[in-house]
Amino acid sequence: MHALRCLLVLTPLALLALGVAVIFGSVPLSLADTIAVITGGGEPLHRTMLLELRLPRALSAFAVGGLLSVAGALMQVLLRNPLADPYVLGLSGGAAVGALLAMLAGLGVALVSGAAFIGALVSTAIVFGTAHGTGSWTPTRLLLTGVVVAAGWSALISFLLAISPATELPGMLFWLMGDLANATQPLAPLLVLLVVVAVAIPFGRSLNVLARGPQQAASLGVAVRRLEWTVYLSAALITATAVTVAGSVGFVGLIVPHMLRLLIGYDQRLLLPASALAGGTLLVLADTMARTIIAPEQLPVGVITALLGVPIFLWLLHRSQAS
């Protein structure tokens, strides 16, 4: 019951965060102006600002945050490590290389997103194929392979930045730090988030058992290897979707699921939808801060999540060591 109450609290908080996001910005709107636009009235400038700029961006931020949080929760089950993160397997590095190559080629925003998605999938194939080899993979082997592949992507990113024209560097750096400035099409990531949560919840019991170890899960009738493949590929695909929308946004997939486990426990049937709501709310608020702190200039949203995430991560690490 406590966990259900937590979900009931997270839902209005998510709606409140979306309301804050559309009201605040470099040009703040009053509540009356916002209501007028929602009800079909309001000034044309306010309608454009709210419906064409702020609302799509806020919904995109919510989708990306939710996707990253759900991916983090799934990765933490797969690796049986509460401090695992969807970026630990080098997925964001592959996406970043794909996006930077597209930017260097002078491609449009849509093609840059497509290149990022392809890069993420290539990284997934490299990590999974290398870790699997001719036998089976273990969480430790998968983690170590991901760390090595991520280091390789990082070196390639540095090389691409070094050879890039000076005029291209600001856009590349903003994308690498996480940027929602071009996130104007929220429908696709929102649908992916909805489908992933709806599909994952029925597998919640099996995920709960898998988190206790593969041997115990197998003894209780869970098809362990098939479930592990499904979890890994699902986490990789939804992280790739998030990366194509907002670039490399860190710490959301690490912090949110871990904090929620402290509040509502380990039941994945509740943790996954709660992660979607809390992660989305966090990134909406972080993006609102990124747009308003030095308005009219904007910060990359990844800067805000890092500033918030680093101290929280250190606290969680200290807490886990103490316990």
# chains A, B, ... in the order shown; residues from 1 in each chain; ligands from 1
$ closest_atom_pairs --of "range 160-258 of chain A" --to "range 115-121 of chain A" --cutoff "10 Å" --atoms "only C-alpha atoms" --output "JSON lines"
{"residue": "A:Leu233", "atom": "CA", "partner": "A:Leu121", "partner_atom": "CA", "distance": 9.4}
{"residue": "A:Ala236", "atom": "CA", "partner": "A:Leu121", "partner_atom": "CA", "distance": 7.5}
{"residue": "A:Leu237", "atom": "CA", "partner": "A:Leu121", "partner_atom": "CA", "distance": 7.3}
{"residue": "A:Thr239", "atom": "CA", "partner": "A:Ala120", "partner_atom": "CA", "distance": 8.3}
{"residue": "A:Ala240", "atom": "CA", "partner": "A:Ala120", "partner_atom": "CA", "distance": 5.5}
{"residue": "A:Thr241", "atom": "CA", "partner": "A:Phe117", "partner_atom": "CA", "distance": 6.7}
{"residue": "A:Ala242", "atom": "CA", "partner": "A:Phe117", "partner_atom": "CA", "distance": 9.1}
{"residue": "A:Val243", "atom": "CA", "partner": "A:Ala116", "partner_atom": "CA", "distance": 7.1}
{"residue": "A:Thr244", "atom": "CA", "partner": "A:Ala116", "partner_atom": "CA", "distance": 5.5}
{"residue": "A:Val245", "atom": "CA", "partner": "A:Ala116", "partner_atom": "CA", "distance": 9.1}
{"residue": "A:Gly247", "atom": "CA", "partner": "A:Ala116", "partner_atom": "CA", "distance": 8.3}
$ write_last_selection --atoms "N, CA, C and O atoms" --output "PDB file, in the first residue's frame"
ATOM      1  N   LEU A 233      18.668  -6.144 -24.242  1.00  0.00           N
ATOM      2  CA  LEU A 233      18.321  -5.504 -25.513  1.00  0.00           C
ATOM      3  C   LEU A 233      17.283  -4.408 -25.311  1.00  0.00           C
ATOM      4  O   LEU A 233      17.346  -3.357 -25.951  1.00  0.00           O
ATOM      5  N   ALA A 236      19.041  -1.408 -23.834  1.00  0.00           N
ATOM      6  CA  ALA A 236      19.881  -0.772 -24.847  1.00  0.00           C
ATOM      7  C   ALA A 236      19.044   0.037 -25.834  1.00  0.00           C
ATOM      8  O   ALA A 236      19.384   1.179 -26.180  1.00  0.00           O
ATOM      9  N   LEU A 237      17.935  -0.528 -26.282  1.00  0.00           N
ATOM     10  CA  LEU A 237      17.096   0.154 -27.276  1.00  0.00           C
ATOM     11  C   LEU A 237      16.446   1.404 -26.705  1.00  0.00           C
ATOM     12  O   LEU A 237      16.392   2.447 -27.369  1.00  0.00           O
ATOM     13  N   THR A 239      17.500   3.198 -24.153  1.00  0.00           N
ATOM     14  CA  THR A 239      18.540   4.199 -23.920  1.00  0.00           C
ATOM     15  C   THR A 239      18.940   4.855 -25.229  1.00  0.00           C
ATOM     16  O   THR A 239      19.160   6.077 -25.285  1.00  0.00           O
ATOM     17  N   ALA A 240      19.041   4.048 -26.293  1.00  0.00           N
ATOM     18  CA  ALA A 240      19.359   4.611 -27.601  1.00  0.00           C
ATOM     19  C   ALA A 240      18.299   5.610 -28.040  1.00  0.00           C
ATOM     20  O   ALA A 240      18.615   6.670 -28.603  1.00  0.00           O
ATOM     21  N   THR A 241      17.041   5.317 -27.762  1.00  0.00           N
ATOM     22  CA  THR A 241      15.963   6.251 -28.099  1.00  0.00           C
ATOM     23  C   THR A 241      16.131   7.563 -27.347  1.00  0.00           C
ATOM     24  O   THR A 241      15.986   8.650 -27.911  1.00  0.00           O
ATOM     25  N   ALA A 242      16.449   7.468 -26.056  1.00  0.00           N
ATOM     26  CA  ALA A 242      16.644   8.678 -25.256  1.00  0.00           C
ATOM     27  C   ALA A 242      17.831   9.486 -25.759  1.00  0.00           C
ATOM     28  O   ALA A 242      17.774  10.719 -25.832  1.00  0.00           O
ATOM     29  N   VAL A 243      18.910   8.793 -26.125  1.00  0.00           N
ATOM     30  CA  VAL A 243      20.110   9.484 -26.582  1.00  0.00           C
ATOM     31  C   VAL A 243      19.851  10.221 -27.889  1.00  0.00           C
ATOM     32  O   VAL A 243      20.340  11.337 -28.100  1.00  0.00           O
ATOM     33  N   THR A 244      19.063   9.639 -28.779  1.00  0.00           N
ATOM     34  CA  THR A 244      18.794  10.307 -30.054  1.00  0.00           C
ATOM     35  C   THR A 244      18.001  11.590 -29.857  1.00  0.00           C
ATOM     36  O   THR A 244      18.105  12.513 -30.659  1.00  0.00           O
ATOM     37  N   VAL A 245      17.220  11.676 -28.788  1.00  0.00           N
ATOM     38  CA  VAL A 245      16.394  12.862 -28.549  1.00  0.00           C
ATOM     39  C   VAL A 245      17.192  13.958 -27.849  1.00  0.00           C
ATOM     40  O   VAL A 245      17.084  15.137 -28.214  1.00  0.00           O
ATOM     41  N   GLY A 247      20.751  13.635 -26.567  1.00  0.00           N
ATOM     42  CA  GLY A 247      22.184  13.519 -26.388  1.00  0.00           C
ATOM     43  C   GLY A 247      22.518  12.758 -25.118  1.00  0.00           C
ATOM     44  O   GLY A 247      21.714  11.981 -24.601  1.00  0.00           O
TER      45      GLY A 247
END
$ residues_around --residues "Ser275 in chain A" --least-positions-apart "5" --cutoff "10 Å" --atoms "only C-alpha atoms" --output "list in words"
Leu7, Leu10, Gly65, Gly66, Leu67, Leu68, Ser69, Val70, Ala71, Gly72, Ala73, Val197, Val252, Gly253, Val256, Pro257, His258, Met259, Leu260, Arg261, Gln268, Leu270, Gly280 and Thr281 of chain A
$ select_by_dssp --residues "range 138-318 of chain A" --states "alpha helix (DSSP H)" --output "PyMOL selection string"
chain A and resi 139-163+169-176+187-200+204-210+214-219+224-246+252-264+268-292+301-318
$ atom_distance --atom1 "CA of Ala150 in chain A" --atom2 "CA of Gly93 in chain A"
5.9 Å
$ residues_around --residues "Val222 in chain A" --least-positions-apart "3" --cutoff "10 Å" --atoms "only C-alpha atoms" --output "JSON, numbers by chain"
{"A": [205, 206, 207, 209, 210, 214, 215, 216, 217, 218, 219, 225, 226, 227]}
$ residues_around --residues "range 18-35 of chain A" --least-positions-apart "4" --cutoff "7 Å" --atoms "only C-alpha atoms" --output "short mmCIF file (atom, residue, chain, number, x, y, z; two decimals) with all heavy atoms, in the first residue's frame"
data_model
loop_
_atom_site.label_atom_id
_atom_site.label_comp_id
_atom_site.auth_asym_id
_atom_site.auth_seq_id
_atom_site.Cartn_x
_atom_site.Cartn_y
_atom_site.Cartn_z
N ALA A 14 4.47 14.85 -11.42
CA ALA A 14 4.87 14.91 -12.83
C ALA A 14 4.06 15.97 -13.57
O ALA A 14 4.61 16.75 -14.37
CB ALA A 14 4.68 13.54 -13.48
N THR A 39 -7.16 26.76 -22.99
CA THR A 39 -8.59 26.76 -23.30
C THR A 39 -8.90 27.28 -24.70
O THR A 39 -10.06 27.46 -25.05
CB THR A 39 -9.35 27.60 -22.26
OG1 THR A 39 -8.78 28.94 -22.22
CG2 THR A 39 -9.27 26.96 -20.89
N GLY A 42 -5.91 33.26 -25.69
CA GLY A 42 -4.57 33.77 -25.47
C GLY A 42 -3.99 34.47 -26.68
O GLY A 42 -4.49 34.36 -27.80
N LEU A 50 4.06 28.55 -25.92
CA LEU A 50 3.66 27.43 -25.09
C LEU A 50 3.47 26.14 -25.88
O LEU A 50 4.02 25.09 -25.53
CB LEU A 50 2.37 27.78 -24.34
CG LEU A 50 1.99 26.87 -23.15
CD1 LEU A 50 1.19 27.66 -22.13
CD2 LEU A 50 1.17 25.67 -23.61
N ARG A 54 7.63 25.31 -25.68
CA ARG A 54 7.84 24.79 -24.33
C ARG A 54 7.18 23.45 -24.07
O ARG A 54 7.79 22.56 -23.46
CB ARG A 54 7.36 25.82 -23.30
CG ARG A 54 8.21 27.08 -23.28
CD ARG A 54 7.78 28.03 -22.18
NE ARG A 54 8.56 29.27 -22.23
CZ ARG A 54 8.34 30.32 -21.46
NH1 ARG A 54 7.35 30.27 -20.57
NH2 ARG A 54 9.09 31.40 -21.57
N LEU A 55 5.93 23.28 -24.50
CA LEU A 55 5.25 22.02 -24.22
C LEU A 55 5.91 20.83 -24.92
O LEU A 55 6.15 19.79 -24.27
CB LEU A 55 3.77 22.13 -24.60
CG LEU A 55 2.92 20.89 -24.27
CD1 LEU A 55 2.97 20.60 -22.78
CD2 LEU A 55 1.48 21.10 -24.72
N ALA A 58 9.09 20.11 -23.02
CA ALA A 58 8.84 19.54 -21.69
C ALA A 58 8.42 18.07 -21.80
O ALA A 58 8.87 17.23 -21.02
CB ALA A 58 7.76 20.35 -20.97
N VAL A 284 12.42 17.01 -16.46
CA VAL A 284 11.64 18.21 -16.79
C VAL A 284 12.08 19.38 -15.92
O VAL A 284 12.29 20.50 -16.41
CB VAL A 284 10.13 17.93 -16.60
CG1 VAL A 284 9.33 19.23 -16.66
CG2 VAL A 284 9.63 16.99 -17.70
N LEU A 285 12.23 19.14 -14.63
CA LEU A 285 12.66 20.21 -13.73
C LEU A 285 14.10 20.63 -14.02
O LEU A 285 14.43 21.83 -13.98
CB LEU A 285 12.54 19.76 -12.28
CG LEU A 285 11.10 19.50 -11.79
CD1 LEU A 285 11.11 18.95 -10.36
CD2 LEU A 285 10.26 20.77 -11.87
N THR A 288 14.07 22.79 -17.08
CA THR A 288 13.54 24.11 -16.75
C THR A 288 14.61 24.97 -16.10
O THR A 288 14.75 26.16 -16.42
CB THR A 288 12.32 23.98 -15.82
OG1 THR A 288 11.33 23.14 -16.42
CG2 THR A 288 11.71 25.35 -15.55
N ARG A 291 17.05 26.21 -18.67
CA ARG A 291 16.55 27.30 -19.53
C ARG A 291 16.45 28.63 -18.80
O ARG A 291 16.37 29.68 -19.45
CB ARG A 291 15.15 26.93 -20.07
CG ARG A 291 15.14 25.80 -21.06
CD ARG A 291 13.77 25.63 -21.71
NE ARG A 291 12.78 25.11 -20.79
CZ ARG A 291 11.78 25.82 -20.29
NH1 ARG A 291 11.64 27.10 -20.59
NH2 ARG A 291 10.90 25.26 -19.48
N THR A 292 16.43 28.59 -17.46
CA THR A 292 16.12 29.82 -16.72
C THR A 292 17.27 30.38 -15.89
O THR A 292 17.26 31.56 -15.56
CB THR A 292 14.93 29.57 -15.77
OG1 THR A 292 15.23 28.46 -14.91
CG2 THR A 292 13.67 29.26 -16.55
N ALA A 295 19.08 32.79 -18.20
CA ALA A 295 18.25 33.26 -19.31
C ALA A 295 18.65 34.67 -19.72
O ALA A 295 19.00 35.50 -18.86
CB ALA A 295 16.77 33.22 -18.90
N PRO A 296 18.62 34.95 -21.03
CA PRO A 296 18.09 34.15 -22.13
C PRO A 296 19.01 33.07 -22.67
O PRO A 296 18.64 32.34 -23.58
CB PRO A 296 17.82 35.21 -23.21
CG PRO A 296 18.88 36.23 -22.99
CD PRO A 296 19.06 36.29 -21.50
#
$ residues_around --residues "Ile312 in chain A" --least-positions-apart "3" --cutoff "12 Å" --atoms "only C-alpha atoms" --output "PDB file with N, CA, C and O atoms, in the first residue's frame"
ATOM      1  N   LEU A  83      24.127   0.123  -8.342  1.00  0.00           N
ATOM      2  CA  LEU A  83      24.777   1.336  -8.823  1.00  0.00           C
ATOM      3  C   LEU A  83      25.118   1.246 -10.309  1.00  0.00           C
ATOM      4  O   LEU A  83      25.918   2.039 -10.812  1.00  0.00           O
ATOM      5  N   PHE A 251      23.435  10.336 -15.188  1.00  0.00           N
ATOM      6  CA  PHE A 251      23.033  10.215 -13.783  1.00  0.00           C
ATOM      7  C   PHE A 251      21.544   9.939 -13.573  1.00  0.00           C
ATOM      8  O   PHE A 251      21.176   9.468 -12.500  1.00  0.00           O
ATOM      9  N   VAL A 252      20.681  10.236 -14.548  1.00  0.00           N
ATOM     10  CA  VAL A 252      19.245   9.999 -14.325  1.00  0.00           C
ATOM     11  C   VAL A 252      18.981   8.515 -14.126  1.00  0.00           C
ATOM     12  O   VAL A 252      18.281   8.106 -13.190  1.00  0.00           O
ATOM     13  N   LEU A 254      20.939   6.281 -13.119  1.00  0.00           N
ATOM     14  CA  LEU A 254      21.618   5.763 -11.937  1.00  0.00           C
ATOM     15  C   LEU A 254      20.903   6.165 -10.660  1.00  0.00           C
ATOM     16  O   LEU A 254      20.632   5.324  -9.786  1.00  0.00           O
ATOM     17  N   ILE A 255      20.577   7.450 -10.550  1.00  0.00           N
ATOM     18  CA  ILE A 255      20.083   7.992  -9.278  1.00  0.00           C
ATOM     19  C   ILE A 255      18.632   7.608  -9.015  1.00  0.00           C
ATOM     20  O   ILE A 255      18.284   7.151  -7.918  1.00  0.00           O
ATOM     21  N   VAL A 256      17.768   7.785 -10.022  1.00  0.00           N
ATOM     22  CA  VAL A 256      16.330   7.651  -9.780  1.00  0.00           C
ATOM     23  C   VAL A 256      15.931   6.255  -9.317  1.00  0.00           C
ATOM     24  O   VAL A 256      15.244   6.112  -8.289  1.00  0.00           O
ATOM     25  N   HIS A 258      17.658   3.941  -7.868  1.00  0.00           N
ATOM     26  CA  HIS A 258      18.235   3.638  -6.564  1.00  0.00           C
ATOM     27  C   HIS A 258      17.495   4.371  -5.449  1.00  0.00           C
ATOM     28  O   HIS A 258      17.203   3.795  -4.388  1.00  0.00           O
ATOM     29  N   MET A 259      17.157   5.640  -5.684  1.00  0.00           N
ATOM     30  CA  MET A 259      16.408   6.396  -4.687  1.00  0.00           C
ATOM     31  C   MET A 259      15.026   5.787  -4.462  1.00  0.00           C
ATOM     32  O   MET A 259      14.546   5.708  -3.331  1.00  0.00           O
ATOM     33  N   THR A 305      21.928  17.869 -14.542  1.00  0.00           N
ATOM     34  CA  THR A 305      21.807  16.521 -13.964  1.00  0.00           C
ATOM     35  C   THR A 305      23.116  16.070 -13.330  1.00  0.00           C
ATOM     36  O   THR A 305      23.111  15.372 -12.314  1.00  0.00           O
ATOM     37  N   ALA A 306      24.258  16.472 -13.917  1.00  0.00           N
ATOM     38  CA  ALA A 306      25.546  16.118 -13.320  1.00  0.00           C
ATOM     39  C   ALA A 306      25.755  16.836 -11.991  1.00  0.00           C
ATOM     40  O   ALA A 306      26.207  16.236 -11.007  1.00  0.00           O
ATOM     41  N   LEU A 307      25.413  18.145 -11.953  1.00  0.00           N
ATOM     42  CA  LEU A 307      25.564  18.903 -10.708  1.00  0.00           C
ATOM     43  C   LEU A 307      24.685  18.337  -9.599  1.00  0.00           C
ATOM     44  O   LEU A 307      25.062  18.343  -8.424  1.00  0.00           O
ATOM     45  N   LEU A 308      23.499  17.858  -9.979  1.00  0.00           N
ATOM     46  CA  LEU A 308      22.615  17.247  -8.992  1.00  0.00           C
ATOM     47  C   LEU A 308      23.020  15.811  -8.684  1.00  0.00           C
ATOM     48  O   LEU A 308      22.917  15.344  -7.546  1.00  0.00           O
ATOM     49  N   GLY A 309      23.476  15.108  -9.719  1.00  0.00           N
ATOM     50  CA  GLY A 309      23.725  13.678  -9.575  1.00  0.00           C
ATOM     51  C   GLY A 309      24.987  13.314  -8.840  1.00  0.00           C
ATOM     52  O   GLY A 309      25.005  12.318  -8.094  1.00  0.00           O
ATOM     53  N   TRP A 315      26.640  10.259  -1.998  1.00  0.00           N
ATOM     54  CA  TRP A 315      25.900   9.918  -0.781  1.00  0.00           C
ATOM     55  C   TRP A 315      25.405   8.478  -0.825  1.00  0.00           C
ATOM     56  O   TRP A 315      25.502   7.729   0.161  1.00  0.00           O
ATOM     57  N   LEU A 316      24.869   8.055  -1.986  1.00  0.00           N
ATOM     58  CA  LEU A 316      24.394   6.680  -2.126  1.00  0.00           C
ATOM     59  C   LEU A 316      25.547   5.698  -1.982  1.00  0.00           C
ATOM     60  O   LEU A 316      25.395   4.627  -1.373  1.00  0.00           O
ATOM     61  N   LEU A 317      26.701   6.039  -2.556  1.00  0.00           N
ATOM     62  CA  LEU A 317      27.860   5.157  -2.458  1.00  0.00           C
ATOM     63  C   LEU A 317      28.307   5.026  -1.007  1.00  0.00           C
ATOM     64  O   LEU A 317      28.596   3.924  -0.523  1.00  0.00           O
ATOM     65  N   HIS A 318      28.334   6.141  -0.305  1.00  0.00           N
ATOM     66  CA  HIS A 318      28.713   6.113   1.113  1.00  0.00           C
ATOM     67  C   HIS A 318      27.701   5.292   1.920  1.00  0.00           C
ATOM     68  O   HIS A 318      28.079   4.506   2.813  1.00  0.00           O
ATOM     69  N   ARG A 319      26.435   5.476   1.585  1.00  0.00           N
ATOM     70  CA  ARG A 319      25.396   4.747   2.316  1.00  0.00           C
ATOM     71  C   ARG A 319      25.497   3.249   2.078  1.00  0.00           C
ATOM     72  O   ARG A 319      25.343   2.451   3.007  1.00  0.00           O
TER      73      ARG A 319
END
$ closest_residue --among "A:Gln185, A:Thr130, A:Ser234, A:Thr11" --to "Ser113 in chain A" --atoms "only C-alpha atoms"
A:Gln185
$ atom_distance --atom1 "CA of Ala181 in chain A" --atom2 "CA of Glu297 in chain A"
11.4 Å
$ decode --residues "range 56-69 of chain A" --atoms "N, CA, C and O atoms" --output "mmCIF file, in the first residue's frame"
data_model
loop_
_atom_site.group_PDB
_atom_site.id
_atom_site.type_symbol
_atom_site.label_atom_id
_atom_site.label_comp_id
_atom_site.auth_asym_id
_atom_site.auth_seq_id
_atom_site.Cartn_x
_atom_site.Cartn_y
_atom_site.Cartn_z
ATOM 1 N N PRO A 56 6.234 20.920 -26.226
ATOM 2 C CA PRO A 56 6.942 19.784 -26.845
ATOM 3 C C PRO A 56 8.272 19.477 -26.172
ATOM 4 O O PRO A 56 8.631 18.314 -25.989
ATOM 5 N N ARG A 57 8.998 20.531 -25.791
ATOM 6 C CA ARG A 57 10.287 20.303 -25.133
ATOM 7 C C ARG A 57 10.093 19.661 -23.765
ATOM 8 O O ARG A 57 10.849 18.754 -23.384
ATOM 9 N N ALA A 58 9.090 20.113 -23.015
ATOM 10 C CA ALA A 58 8.840 19.541 -21.689
ATOM 11 C C ALA A 58 8.419 18.075 -21.798
ATOM 12 O O ALA A 58 8.873 17.225 -21.015
ATOM 13 N N LEU A 59 7.563 17.767 -22.767
ATOM 14 C CA LEU A 59 7.145 16.378 -22.959
ATOM 15 C C LEU A 59 8.308 15.506 -23.402
ATOM 16 O O LEU A 59 8.421 14.348 -22.998
ATOM 17 N N SER A 60 9.177 16.067 -24.253
ATOM 18 C CA SER A 60 10.366 15.318 -24.667
ATOM 19 C C SER A 60 11.274 15.048 -23.473
ATOM 20 O O SER A 60 11.820 13.945 -23.327
ATOM 21 N N ALA A 61 11.448 16.059 -22.621
ATOM 22 C CA ALA A 61 12.270 15.875 -21.424
ATOM 23 C C ALA A 61 11.675 14.799 -20.522
ATOM 24 O O ALA A 61 12.405 13.961 -19.965
ATOM 25 N N PHE A 62 10.360 14.811 -20.367
ATOM 26 C CA PHE A 62 9.714 13.793 -19.536
ATOM 27 C C PHE A 62 9.944 12.403 -20.116
ATOM 28 O O PHE A 62 10.268 11.449 -19.375
ATOM 29 N N ALA A 63 9.796 12.262 -21.433
ATOM 30 C CA ALA A 63 9.987 10.958 -22.072
ATOM 31 C C ALA A 63 11.423 10.480 -21.906
ATOM 32 O O ALA A 63 11.675 9.316 -21.573
ATOM 33 N N VAL A 64 12.390 11.379 -22.141
ATOM 34 C CA VAL A 64 13.803 10.999 -22.034
ATOM 35 C C VAL A 64 14.151 10.603 -20.602
ATOM 36 O O VAL A 64 14.803 9.582 -20.363
ATOM 37 N N GLY A 65 13.720 11.402 -19.636
ATOM 38 C CA GLY A 65 13.992 11.064 -18.246
ATOM 39 C C GLY A 65 13.375 9.741 -17.845
ATOM 40 O O GLY A 65 13.996 8.925 -17.153
ATOM 41 N N GLY A 66 12.135 9.511 -18.277
ATOM 42 C CA GLY A 66 11.485 8.239 -17.970
ATOM 43 C C GLY A 66 12.189 7.060 -18.607
ATOM 44 O O GLY A 66 12.387 6.014 -17.980
ATOM 45 N N LEU A 67 12.606 7.213 -19.874
ATOM 46 C CA LEU A 67 13.311 6.135 -20.561
ATOM 47 C C LEU A 67 14.637 5.810 -19.879
ATOM 48 O O LEU A 67 14.976 4.639 -19.682
ATOM 49 N N LEU A 68 15.398 6.845 -19.536
ATOM 50 C CA LEU A 68 16.685 6.612 -18.887
ATOM 51 C C LEU A 68 16.508 5.934 -17.529
ATOM 52 O O LEU A 68 17.297 5.057 -17.145
ATOM 53 N N SER A 69 15.488 6.329 -16.783
ATOM 54 C CA SER A 69 15.256 5.740 -15.465
ATOM 55 C C SER A 69 14.843 4.277 -15.577
ATOM 56 O O SER A 69 15.321 3.424 -14.823
#
